[in-house]
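Asks: Have a peek at query29.cif (mmCIF, N, CA and C atoms).
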data_structure
loop_
_atom_site.label_atom_id
_atom_site.label_comp_id
_atom_site.auth_asym_id
_atom_site.auth_seq_id
_atom_site.Cartn_x
_atom_site.Cartn_y
_atom_site.Cartn_z
N MET L 18 7.73 3.31 13.95
CA MET L 18 6.47 3.87 14.39
C MET L 18 5.51 2.71 14.68
N THR L 19 4.78 2.81 15.74
CA THR L 19 3.86 1.73 16.10
C THR L 19 2.50 1.96 15.48
N ARG L 20 1.77 0.88 15.25
CA ARG L 20 0.43 0.98 14.67
C ARG L 20 -0.51 1.73 15.60
N GLY L 21 -0.24 1.68 16.90
CA GLY L 21 -1.08 2.40 17.85
C GLY L 21 -1.09 3.90 17.62
N ARG L 22 0.01 4.42 17.05
CA ARG L 22 0.09 5.86 16.77
C ARG L 22 -0.95 6.28 15.73
N ALA L 23 -1.40 5.33 14.90
CA ALA L 23 -2.39 5.64 13.87
C ALA L 23 -3.74 5.97 14.50
N GLN L 24 -3.95 5.58 15.75
CA GLN L 24 -5.22 5.80 16.42
C GLN L 24 -5.12 6.73 17.62
N ASP L 25 -3.93 7.26 17.85
CA ASP L 25 -3.70 8.16 18.97
C ASP L 25 -4.24 9.54 18.63
N PRO L 26 -5.24 10.04 19.37
CA PRO L 26 -5.82 11.35 19.06
C PRO L 26 -4.88 12.52 19.38
N ASP L 27 -3.81 12.26 20.13
CA ASP L 27 -2.89 13.32 20.51
C ASP L 27 -1.66 13.40 19.61
N VAL L 28 -1.74 12.83 18.43
CA VAL L 28 -0.62 12.84 17.50
C VAL L 28 -1.01 13.68 16.28
N CYS L 29 -0.03 14.26 15.60
CA CYS L 29 -0.37 15.09 14.44
C CYS L 29 -0.92 14.22 13.32
N GLY L 30 -1.67 14.83 12.44
CA GLY L 30 -2.33 14.11 11.35
C GLY L 30 -1.36 13.41 10.42
N VAL L 31 -0.22 14.04 10.14
CA VAL L 31 0.77 13.43 9.25
C VAL L 31 1.30 12.14 9.88
N THR L 32 1.58 12.17 11.17
CA THR L 32 2.07 10.98 11.86
C THR L 32 1.02 9.87 11.82
N ALA L 33 -0.24 10.24 12.03
CA ALA L 33 -1.33 9.24 11.98
C ALA L 33 -1.44 8.64 10.59
N ALA L 34 -1.27 9.45 9.54
CA ALA L 34 -1.35 8.96 8.17
C ALA L 34 -0.17 8.05 7.85
N ILE L 35 1.03 8.46 8.27
CA ILE L 35 2.22 7.66 7.99
C ILE L 35 2.16 6.33 8.73
N ALA L 36 1.57 6.31 9.91
CA ALA L 36 1.44 5.05 10.66
C ALA L 36 0.62 4.03 9.88
N VAL L 37 -0.33 4.50 9.08
CA VAL L 37 -1.19 3.60 8.30
C VAL L 37 -0.44 3.01 7.11
N ILE L 38 0.50 3.75 6.54
CA ILE L 38 1.23 3.27 5.37
C ILE L 38 2.66 2.87 5.69
N ASP L 39 3.00 2.86 6.97
CA ASP L 39 4.35 2.52 7.40
C ASP L 39 4.68 1.10 7.00
N GLY L 40 5.90 0.89 6.60
CA GLY L 40 6.36 -0.43 6.20
C GLY L 40 6.83 -0.41 4.76
N LYS L 41 7.52 -1.45 4.40
CA LYS L 41 8.16 -1.51 3.09
C LYS L 41 7.18 -1.68 1.94
N TRP L 42 6.05 -2.35 2.17
CA TRP L 42 5.21 -2.79 1.06
C TRP L 42 3.89 -2.08 0.90
N LYS L 43 3.41 -1.38 1.90
CA LYS L 43 2.04 -0.86 1.84
C LYS L 43 1.85 0.18 0.74
N THR L 44 2.81 1.07 0.54
CA THR L 44 2.63 2.06 -0.53
C THR L 44 2.65 1.38 -1.89
N ALA L 45 3.48 0.36 -2.05
CA ALA L 45 3.51 -0.38 -3.32
C ALA L 45 2.19 -1.11 -3.54
N LEU L 46 1.62 -1.67 -2.48
CA LEU L 46 0.33 -2.34 -2.60
C LEU L 46 -0.77 -1.34 -2.96
N LEU L 47 -0.76 -0.18 -2.33
CA LEU L 47 -1.72 0.86 -2.70
C LEU L 47 -1.61 1.21 -4.17
N TRP L 48 -0.38 1.37 -4.63
CA TRP L 48 -0.12 1.73 -6.02
C TRP L 48 -0.66 0.66 -6.98
N LEU L 49 -0.42 -0.61 -6.67
CA LEU L 49 -0.91 -1.69 -7.52
C LEU L 49 -2.44 -1.78 -7.50
N LEU L 50 -3.03 -1.60 -6.33
CA LEU L 50 -4.48 -1.72 -6.21
C LEU L 50 -5.22 -0.52 -6.83
N GLU L 51 -4.49 0.57 -7.11
CA GLU L 51 -5.12 1.70 -7.80
C GLU L 51 -5.65 1.28 -9.16
N SER L 52 -4.99 0.32 -9.80
CA SER L 52 -5.38 -0.10 -11.15
C SER L 52 -6.57 -1.04 -11.15
N GLY L 53 -7.00 -1.49 -9.98
CA GLY L 53 -8.16 -2.37 -9.89
C GLY L 53 -7.90 -3.53 -8.95
N PRO L 54 -8.92 -4.39 -8.80
CA PRO L 54 -8.80 -5.53 -7.88
C PRO L 54 -7.71 -6.51 -8.32
N HIS L 55 -7.08 -7.11 -7.32
CA HIS L 55 -6.03 -8.11 -7.58
C HIS L 55 -6.16 -9.26 -6.59
N ARG L 56 -5.77 -10.42 -7.06
CA ARG L 56 -5.67 -11.59 -6.19
C ARG L 56 -4.31 -11.54 -5.51
N PRO L 57 -4.18 -12.17 -4.34
CA PRO L 57 -2.90 -12.13 -3.62
C PRO L 57 -1.72 -12.65 -4.45
N GLY L 58 -1.93 -13.70 -5.22
CA GLY L 58 -0.85 -14.24 -6.04
C GLY L 58 -0.37 -13.24 -7.08
N GLU L 59 -1.29 -12.48 -7.63
CA GLU L 59 -0.92 -11.44 -8.61
C GLU L 59 -0.06 -10.38 -7.94
N LEU L 60 -0.46 -9.98 -6.74
CA LEU L 60 0.29 -8.96 -6.01
C LEU L 60 1.71 -9.44 -5.71
N ARG L 61 1.85 -10.70 -5.31
CA ARG L 61 3.18 -11.24 -5.01
C ARG L 61 4.05 -11.30 -6.25
N ARG L 62 3.46 -11.67 -7.39
CA ARG L 62 4.24 -11.73 -8.63
C ARG L 62 4.71 -10.34 -9.05
N ARG L 63 3.91 -9.33 -8.78
CA ARG L 63 4.27 -7.96 -9.17
C ARG L 63 5.27 -7.32 -8.22
N LEU L 64 5.44 -7.90 -7.03
CA LEU L 64 6.35 -7.35 -6.02
C LEU L 64 7.35 -8.42 -5.59
N PRO L 65 8.38 -8.66 -6.41
CA PRO L 65 9.38 -9.67 -6.05
C PRO L 65 10.01 -9.35 -4.69
N GLY L 66 10.20 -10.38 -3.91
CA GLY L 66 10.79 -10.19 -2.59
C GLY L 66 9.75 -10.12 -1.48
N LEU L 67 8.49 -9.97 -1.85
CA LEU L 67 7.40 -9.91 -0.86
C LEU L 67 6.96 -11.33 -0.54
N SER L 68 7.11 -11.72 0.71
CA SER L 68 6.71 -13.07 1.11
C SER L 68 5.20 -13.14 1.32
N GLU L 69 4.69 -14.34 1.26
CA GLU L 69 3.25 -14.54 1.47
C GLU L 69 2.83 -14.08 2.86
N LYS L 70 3.67 -14.37 3.85
CA LYS L 70 3.36 -13.99 5.23
C LYS L 70 3.26 -12.47 5.37
N VAL L 71 4.23 -11.75 4.82
CA VAL L 71 4.25 -10.29 4.93
C VAL L 71 3.10 -9.69 4.13
N LEU L 72 2.82 -10.26 2.95
CA LEU L 72 1.69 -9.79 2.15
C LEU L 72 0.39 -9.93 2.92
N THR L 73 0.18 -11.09 3.50
CA THR L 73 -1.04 -11.34 4.28
C THR L 73 -1.15 -10.36 5.44
N GLN L 74 -0.06 -10.16 6.15
CA GLN L 74 -0.07 -9.22 7.28
C GLN L 74 -0.38 -7.80 6.82
N ALA L 75 0.27 -7.35 5.75
CA ALA L 75 0.05 -5.99 5.26
C ALA L 75 -1.39 -5.80 4.80
N LEU L 76 -1.93 -6.78 4.06
CA LEU L 76 -3.31 -6.67 3.58
C LEU L 76 -4.31 -6.68 4.73
N ARG L 77 -4.05 -7.48 5.75
CA ARG L 77 -4.94 -7.51 6.92
C ARG L 77 -4.92 -6.17 7.64
N GLU L 78 -3.72 -5.58 7.81
CA GLU L 78 -3.64 -4.28 8.46
C GLU L 78 -4.34 -3.21 7.62
N MET L 79 -4.15 -3.28 6.31
CA MET L 79 -4.78 -2.30 5.44
C MET L 79 -6.31 -2.47 5.44
N GLU L 80 -6.77 -3.70 5.57
CA GLU L 80 -8.21 -3.95 5.68
C GLU L 80 -8.74 -3.41 7.00
N THR L 81 -8.02 -3.64 8.09
CA THR L 81 -8.40 -3.13 9.40
C THR L 81 -8.47 -1.60 9.39
N ASP L 82 -7.54 -0.98 8.66
CA ASP L 82 -7.50 0.48 8.58
C ASP L 82 -8.51 1.05 7.58
N GLY L 83 -9.26 0.17 6.92
CA GLY L 83 -10.31 0.62 6.00
C GLY L 83 -9.80 1.03 4.63
N LEU L 84 -8.58 0.61 4.28
CA LEU L 84 -8.01 0.99 2.98
C LEU L 84 -8.33 0.00 1.88
N VAL L 85 -8.43 -1.28 2.23
CA VAL L 85 -8.73 -2.29 1.21
C VAL L 85 -9.96 -3.11 1.62
N HIS L 86 -10.59 -3.63 0.59
CA HIS L 86 -11.75 -4.51 0.77
C HIS L 86 -11.32 -5.91 0.34
N ARG L 87 -11.63 -6.88 1.16
CA ARG L 87 -11.32 -8.28 0.86
C ARG L 87 -12.61 -8.98 0.50
N GLU L 88 -12.62 -9.57 -0.69
CA GLU L 88 -13.81 -10.29 -1.14
C GLU L 88 -13.44 -11.74 -1.41
N VAL L 89 -14.16 -12.65 -0.76
CA VAL L 89 -13.91 -14.08 -0.94
C VAL L 89 -15.06 -14.65 -1.75
N HIS L 90 -14.71 -15.24 -2.90
CA HIS L 90 -15.71 -15.87 -3.76
C HIS L 90 -15.86 -17.33 -3.35
N ASP L 91 -17.09 -17.78 -3.23
CA ASP L 91 -17.37 -19.13 -2.75
C ASP L 91 -17.28 -20.13 -3.89
N VAL L 92 -16.04 -20.36 -4.33
CA VAL L 92 -15.77 -21.38 -5.34
C VAL L 92 -14.61 -22.22 -4.82
N LEU L 93 -14.42 -23.38 -5.42
CA LEU L 93 -13.30 -24.23 -5.01
C LEU L 93 -12.25 -24.21 -6.10
N PRO L 94 -11.02 -23.92 -5.81
CA PRO L 94 -10.54 -23.42 -4.52
C PRO L 94 -11.04 -21.99 -4.29
N LEU L 95 -11.02 -21.57 -3.02
CA LEU L 95 -11.50 -20.24 -2.68
C LEU L 95 -10.73 -19.18 -3.48
N LYS L 96 -11.45 -18.18 -3.92
CA LYS L 96 -10.84 -17.09 -4.68
C LYS L 96 -10.99 -15.81 -3.86
N THR L 97 -9.86 -15.22 -3.49
CA THR L 97 -9.87 -13.98 -2.71
C THR L 97 -9.36 -12.86 -3.60
N VAL L 98 -10.07 -11.73 -3.54
CA VAL L 98 -9.70 -10.56 -4.35
C VAL L 98 -9.67 -9.34 -3.43
N TYR L 99 -8.63 -8.53 -3.59
CA TYR L 99 -8.49 -7.30 -2.81
C TYR L 99 -8.65 -6.10 -3.73
N SER L 100 -9.33 -5.08 -3.21
CA SER L 100 -9.50 -3.83 -3.96
C SER L 100 -9.44 -2.67 -2.98
N LEU L 101 -9.20 -1.48 -3.52
CA LEU L 101 -9.18 -0.29 -2.67
C LEU L 101 -10.61 0.11 -2.31
N THR L 102 -10.78 0.55 -1.09
CA THR L 102 -12.05 1.15 -0.68
C THR L 102 -12.02 2.62 -1.10
N ALA L 103 -13.12 3.31 -0.94
CA ALA L 103 -13.15 4.74 -1.22
C ALA L 103 -12.14 5.47 -0.34
N PHE L 104 -12.01 5.02 0.91
CA PHE L 104 -11.05 5.62 1.84
C PHE L 104 -9.61 5.37 1.37
N GLY L 105 -9.37 4.17 0.83
CA GLY L 105 -8.05 3.84 0.30
C GLY L 105 -7.73 4.67 -0.94
N ARG L 106 -8.71 4.88 -1.81
CA ARG L 106 -8.51 5.73 -2.99
C ARG L 106 -8.22 7.16 -2.56
N GLU L 107 -8.92 7.61 -1.52
CA GLU L 107 -8.69 8.96 -1.00
C GLU L 107 -7.24 9.11 -0.51
N LEU L 108 -6.74 8.10 0.20
CA LEU L 108 -5.36 8.13 0.66
C LEU L 108 -4.40 8.13 -0.52
N SER L 109 -4.69 7.30 -1.49
CA SER L 109 -3.84 7.22 -2.67
C SER L 109 -3.76 8.57 -3.39
N GLU L 110 -4.89 9.25 -3.50
CA GLU L 110 -4.92 10.58 -4.13
C GLU L 110 -4.14 11.58 -3.28
N ALA L 111 -4.24 11.46 -1.97
CA ALA L 111 -3.51 12.37 -1.08
C ALA L 111 -2.00 12.16 -1.19
N LEU L 112 -1.58 10.92 -1.48
CA LEU L 112 -0.16 10.62 -1.60
C LEU L 112 0.42 11.02 -2.95
N SER L 113 -0.43 11.29 -3.92
CA SER L 113 0.04 11.62 -5.27
C SER L 113 1.01 12.80 -5.30
N PRO L 114 0.71 13.93 -4.64
CA PRO L 114 1.68 15.03 -4.64
C PRO L 114 3.00 14.64 -3.95
N LEU L 115 2.94 13.80 -2.94
CA LEU L 115 4.16 13.34 -2.28
C LEU L 115 4.98 12.48 -3.25
N SER L 116 4.31 11.66 -4.02
CA SER L 116 4.97 10.85 -5.04
C SER L 116 5.65 11.73 -6.08
N ASP L 117 4.95 12.77 -6.52
CA ASP L 117 5.53 13.71 -7.48
C ASP L 117 6.79 14.35 -6.91
N TRP L 118 6.72 14.76 -5.66
CA TRP L 118 7.87 15.36 -4.99
C TRP L 118 9.03 14.37 -4.95
N GLY L 119 8.73 13.11 -4.63
CA GLY L 119 9.77 12.08 -4.56
C GLY L 119 10.45 11.87 -5.90
N HIS L 120 9.67 11.89 -6.98
CA HIS L 120 10.27 11.75 -8.32
C HIS L 120 11.17 12.95 -8.65
N ARG L 121 10.73 14.15 -8.28
CA ARG L 121 11.56 15.34 -8.51
C ARG L 121 12.86 15.24 -7.71
N ARG L 122 12.76 14.75 -6.49
CA ARG L 122 13.96 14.58 -5.65
C ARG L 122 14.93 13.60 -6.30
N LEU L 123 14.41 12.48 -6.81
CA LEU L 123 15.27 11.49 -7.45
C LEU L 123 15.95 12.06 -8.69
N GLU L 124 15.20 12.85 -9.47
CA GLU L 124 15.79 13.49 -10.65
C GLU L 124 16.92 14.43 -10.23
N LYS L 125 16.68 15.19 -9.17
CA LYS L 125 17.69 16.12 -8.66
C LYS L 125 18.94 15.36 -8.21
N LEU L 126 18.75 14.25 -7.51
CA LEU L 126 19.89 13.44 -7.07
C LEU L 126 20.65 12.88 -8.26
N ASN L 127 19.93 12.41 -9.29
CA ASN L 127 20.59 11.88 -10.48
C ASN L 127 21.38 12.95 -11.21
N GLU L 128 20.82 14.16 -11.30
CA GLU L 128 21.52 15.28 -11.94
C GLU L 128 22.80 15.62 -11.18
N ALA L 129 22.70 15.66 -9.85
CA ALA L 129 23.87 15.97 -9.02
C ALA L 129 24.94 14.89 -9.16
N GLN L 130 24.50 13.66 -9.25
CA GLN L 130 25.44 12.54 -9.37
C GLN L 130 26.11 12.56 -10.75
N SER L 131 25.36 12.91 -11.78
CA SER L 131 25.91 13.00 -13.14
C SER L 131 26.91 14.14 -13.27
N ALA L 132 26.68 15.23 -12.55
CA ALA L 132 27.53 16.40 -12.62
C ALA L 132 28.87 16.19 -11.91
N SER L 133 28.91 15.26 -10.97
CA SER L 133 30.14 15.06 -10.21
C SER L 133 31.05 14.04 -10.81
#
Would you mind writing the file out in structure tokens?

Replies:
Amino acid sequence: MTRGRAQDPDVCGVTAAIAVIDGKWKTALLWLLESGPHRPGELRRRLPGLSEKVLTQALREMETDGLVHREVHDVLPLKTVYSLTAFGRELSEALSPLSDWGHRRLEKLNEAQSAS
């Protein structure tokens, strides 16, 4: 899915929402930022396999989409902190029932696998 679909007025709302969280890391970043502000290094340590380049790109896209706020503290070395905006918290709350459904699905798959 292209990022342009997130702004296309002729697309369904679910598609527009998924375009904003599309990618391997954005939902995980939303989940981590729910607990409060984090520095980029903290986010990388909590998500093994996430490169600095991909983290930077995902956070920039999420900032552009109004989901996260980037705050740079004027100290040496520069200290950057990311937090969810009200819009980002709203999205996170909207995804909560989907997360619950996903956990139920995983439980169902585990039960089926155990039974076979």

Asks: Please work out which residues fall within 6 Å of (6.1, -4.5, -4.4), coordinates as given in the file, with only N, CA and C atoms counting, and return them as an MDAnalysis selection string.

Replies: chainID L and resid 42 45:46 63:65

Asks: When DSSP works through the backbone of this structure, what residues of chain L end up as alpha helix (DSSP H), shown as a ChimeraX atom specification?

Replies: /L:30-38,43-50,57-63,69-81,103-132

Asks: Please write out, as JSON, where the centre of an axis-aligned box around all listed atoms of segment 97-102 of chain L lies and how long its edges are, in Å to one decimal, after adding 5 Å on each side.

Replies:
{"center_x": -10.3, "center_y": -6.3, "center_z": -2.5, "size_x": 13.6, "size_y": 27.8, "size_z": 13.7}

Asks: For Leu72 of chain L, work out the shell of residues within 10 Å, counting only C-alpha atoms and skipping chain neighbours fewer than 5 positions away, then give it as number ranges by chain.

Replies: L: 42-43, 46, 57-58, 60-61, 64, 67, 77-78

Asks: Quick check, in Å to one decimal: how far apart do atom CA of Arg106 of chain L and atom N of Glu51 of chain L lie?

Replies: 7.7 Å

Asks: Need to verify the contact set: Phe104 of chain L, 7 Å, only N, CA and C atoms, exclusion of same-chain residues closer than 4 positions in sequence. Can you return it as a ChimeraX atom specification?

Replies: /L:83-85,108-109

Asks: So, with only N, CA and C atoms as the atoms that count, which of L:Ser131, L:Val89, L:Met79, L:Asp117 lies closest to Val37 of chain L?

Replies: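 Checking each candidate against Val37 of chain L, we get L:Met79 as the closest.
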
Asks: Record the distance separating atom N of Asp82 of chain L and atom C of Ser52 of chain L, expressed in Å with one decimal.

Replies: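 Pair atom N of Asp82 of chain L / atom C of Ser52 of chain L returns 19.8 Å.
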
Asks: Nearest to Lys96 of chain L among L:His120, L:His55, L:Leu76, L:Val71, with distances taken over only C-alpha atoms: which residue is it?

Replies: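 For Lys96 of chain L, the nearest of the given residues is L:His55.
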
Asks: State, in Å with one decimal place, the distance from atom C of Ala75 of chain L to atom CA of Asp39 of chain L.

Replies: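 Here the two named atoms are 10.4 Å from each other.
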
Asks: Name every residue that the PyMOL selection byres (((chain L and resi 97 and name CA) around 8) and name CA) selects in this structure, writing the answer as a PDB file with N, CA and C atoms, in the frame of the given file with chains first and numbers rising.

Replies:
ATOM      1  N   ARG L  56      -5.770 -10.420  -7.060  1.00  0.00           N
ATOM      2  CA  ARG L  56      -5.670 -11.590  -6.190  1.00  0.00           C
ATOM      3  C   ARG L  56      -4.310 -11.540  -5.510  1.00  0.00           C
ATOM      4  N   PRO L  57      -4.180 -12.170  -4.340  1.00  0.00           N
ATOM      5  CA  PRO L  57      -2.900 -12.130  -3.620  1.00  0.00           C
ATOM      6  C   PRO L  57      -1.720 -12.650  -4.450  1.00  0.00           C
ATOM      7  N   ARG L  87     -11.630  -6.880   1.160  1.00  0.00           N
ATOM      8  CA  ARG L  87     -11.320  -8.280   0.860  1.00  0.00           C
ATOM      9  C   ARG L  87     -12.610  -8.980   0.500  1.00  0.00           C
ATOM     10  N   GLU L  88     -12.620  -9.570  -0.690  1.00  0.00           N
ATOM     11  CA  GLU L  88     -13.810 -10.290  -1.140  1.00  0.00           C
ATOM     12  C   GLU L  88     -13.440 -11.740  -1.410  1.00  0.00           C
ATOM     13  N   VAL L  89     -14.160 -12.650  -0.760  1.00  0.00           N
ATOM     14  CA  VAL L  89     -13.910 -14.080  -0.940  1.00  0.00           C
ATOM     15  C   VAL L  89     -15.060 -14.650  -1.750  1.00  0.00           C
ATOM     16  N   HIS L  90     -14.710 -15.240  -2.900  1.00  0.00           N
ATOM     17  CA  HIS L  90     -15.710 -15.870  -3.760  1.00  0.00           C
ATOM     18  C   HIS L  90     -15.860 -17.330  -3.350  1.00  0.00           C
ATOM     19  N   LEU L  95     -11.020 -21.570  -3.020  1.00  0.00           N
ATOM     20  CA  LEU L  95     -11.500 -20.240  -2.680  1.00  0.00           C
ATOM     21  C   LEU L  95     -10.730 -19.180  -3.480  1.00  0.00           C
ATOM     22  N   LYS L  96     -11.450 -18.180  -3.920  1.00  0.00           N
ATOM     23  CA  LYS L  96     -10.840 -17.090  -4.680  1.00  0.00           C
ATOM     24  C   LYS L  96     -10.990 -15.810  -3.860  1.00  0.00           C
ATOM     25  N   VAL L  98     -10.070 -11.730  -3.540  1.00  0.00           N
ATOM     26  CA  VAL L  98      -9.700 -10.560  -4.350  1.00  0.00           C
ATOM     27  C   VAL L  98      -9.670  -9.340  -3.430  1.00  0.00           C
ATOM     28  N   TYR L  99      -8.630  -8.530  -3.590  1.00  0.00           N
ATOM     29  CA  TYR L  99      -8.490  -7.300  -2.810  1.00  0.00           C
ATOM     30  C   TYR L  99      -8.650  -6.100  -3.730  1.00  0.00           C
TER      31      TYR L  99
END

Asks: Hey, could you patch up segment 96-107 of chain L with N, CA, C and O atoms and hand it over as an mmCIF file, keeping the file's coordinate frame?

Replies:
data_model
loop_
_atom_site.group_PDB
_atom_site.id
_atom_site.type_symbol
_atom_site.label_atom_id
_atom_site.label_comp_id
_atom_site.auth_asym_id
_atom_site.auth_seq_id
_atom_site.Cartn_x
_atom_site.Cartn_y
_atom_site.Cartn_z
ATOM 1 N N LYS L 96 -11.450 -18.180 -3.920
ATOM 2 C CA LYS L 96 -10.840 -17.090 -4.680
ATOM 3 C C LYS L 96 -10.990 -15.810 -3.860
ATOM 4 O O LYS L 96 -12.099 -15.395 -3.558
ATOM 5 N N THR L 97 -9.860 -15.220 -3.490
ATOM 6 C CA THR L 97 -9.870 -13.980 -2.710
ATOM 7 C C THR L 97 -9.360 -12.860 -3.600
ATOM 8 O O THR L 97 -8.367 -13.007 -4.305
ATOM 9 N N VAL L 98 -10.070 -11.730 -3.540
ATOM 10 C CA VAL L 98 -9.700 -10.560 -4.350
ATOM 11 C C VAL L 98 -9.670 -9.340 -3.430
ATOM 12 O O VAL L 98 -10.552 -9.156 -2.588
ATOM 13 N N TYR L 99 -8.630 -8.530 -3.590
ATOM 14 C CA TYR L 99 -8.490 -7.300 -2.810
ATOM 15 C C TYR L 99 -8.650 -6.100 -3.730
ATOM 16 O O TYR L 99 -8.172 -6.097 -4.864
ATOM 17 N N SER L 100 -9.330 -5.080 -3.210
ATOM 18 C CA SER L 100 -9.500 -3.830 -3.960
ATOM 19 C C SER L 100 -9.440 -2.670 -2.980
ATOM 20 O O SER L 100 -9.609 -2.847 -1.775
ATOM 21 N N LEU L 101 -9.200 -1.480 -3.520
ATOM 22 C CA LEU L 101 -9.180 -0.290 -2.670
ATOM 23 C C LEU L 101 -10.610 0.110 -2.310
ATOM 24 O O LEU L 101 -11.509 0.036 -3.136
ATOM 25 N N THR L 102 -10.780 0.550 -1.090
ATOM 26 C CA THR L 102 -12.050 1.150 -0.680
ATOM 27 C C THR L 102 -12.020 2.620 -1.100
ATOM 28 O O THR L 102 -10.988 3.136 -1.558
ATOM 29 N N ALA L 103 -13.120 3.310 -0.940
ATOM 30 C CA ALA L 103 -13.150 4.740 -1.220
ATOM 31 C C ALA L 103 -12.140 5.470 -0.340
ATOM 32 O O ALA L 103 -11.451 6.398 -0.790
ATOM 33 N N PHE L 104 -12.010 5.020 0.910
ATOM 34 C CA PHE L 104 -11.050 5.620 1.840
ATOM 35 C C PHE L 104 -9.610 5.370 1.370
ATOM 36 O O PHE L 104 -8.756 6.235 1.454
ATOM 37 N N GLY L 105 -9.370 4.170 0.830
ATOM 38 C CA GLY L 105 -8.050 3.840 0.300
ATOM 39 C C GLY L 105 -7.730 4.670 -0.940
ATOM 40 O O GLY L 105 -6.584 5.119 -1.104
ATOM 41 N N ARG L 106 -8.710 4.880 -1.810
ATOM 42 C CA ARG L 106 -8.510 5.730 -2.990
ATOM 43 C C ARG L 106 -8.220 7.160 -2.560
ATOM 44 O O ARG L 106 -7.386 7.852 -3.147
ATOM 45 N N GLU L 107 -8.920 7.610 -1.520
ATOM 46 C CA GLU L 107 -8.690 8.960 -1.000
ATOM 47 C C GLU L 107 -7.240 9.110 -0.510
ATOM 48 O O GLU L 107 -6.584 10.114 -0.781
#
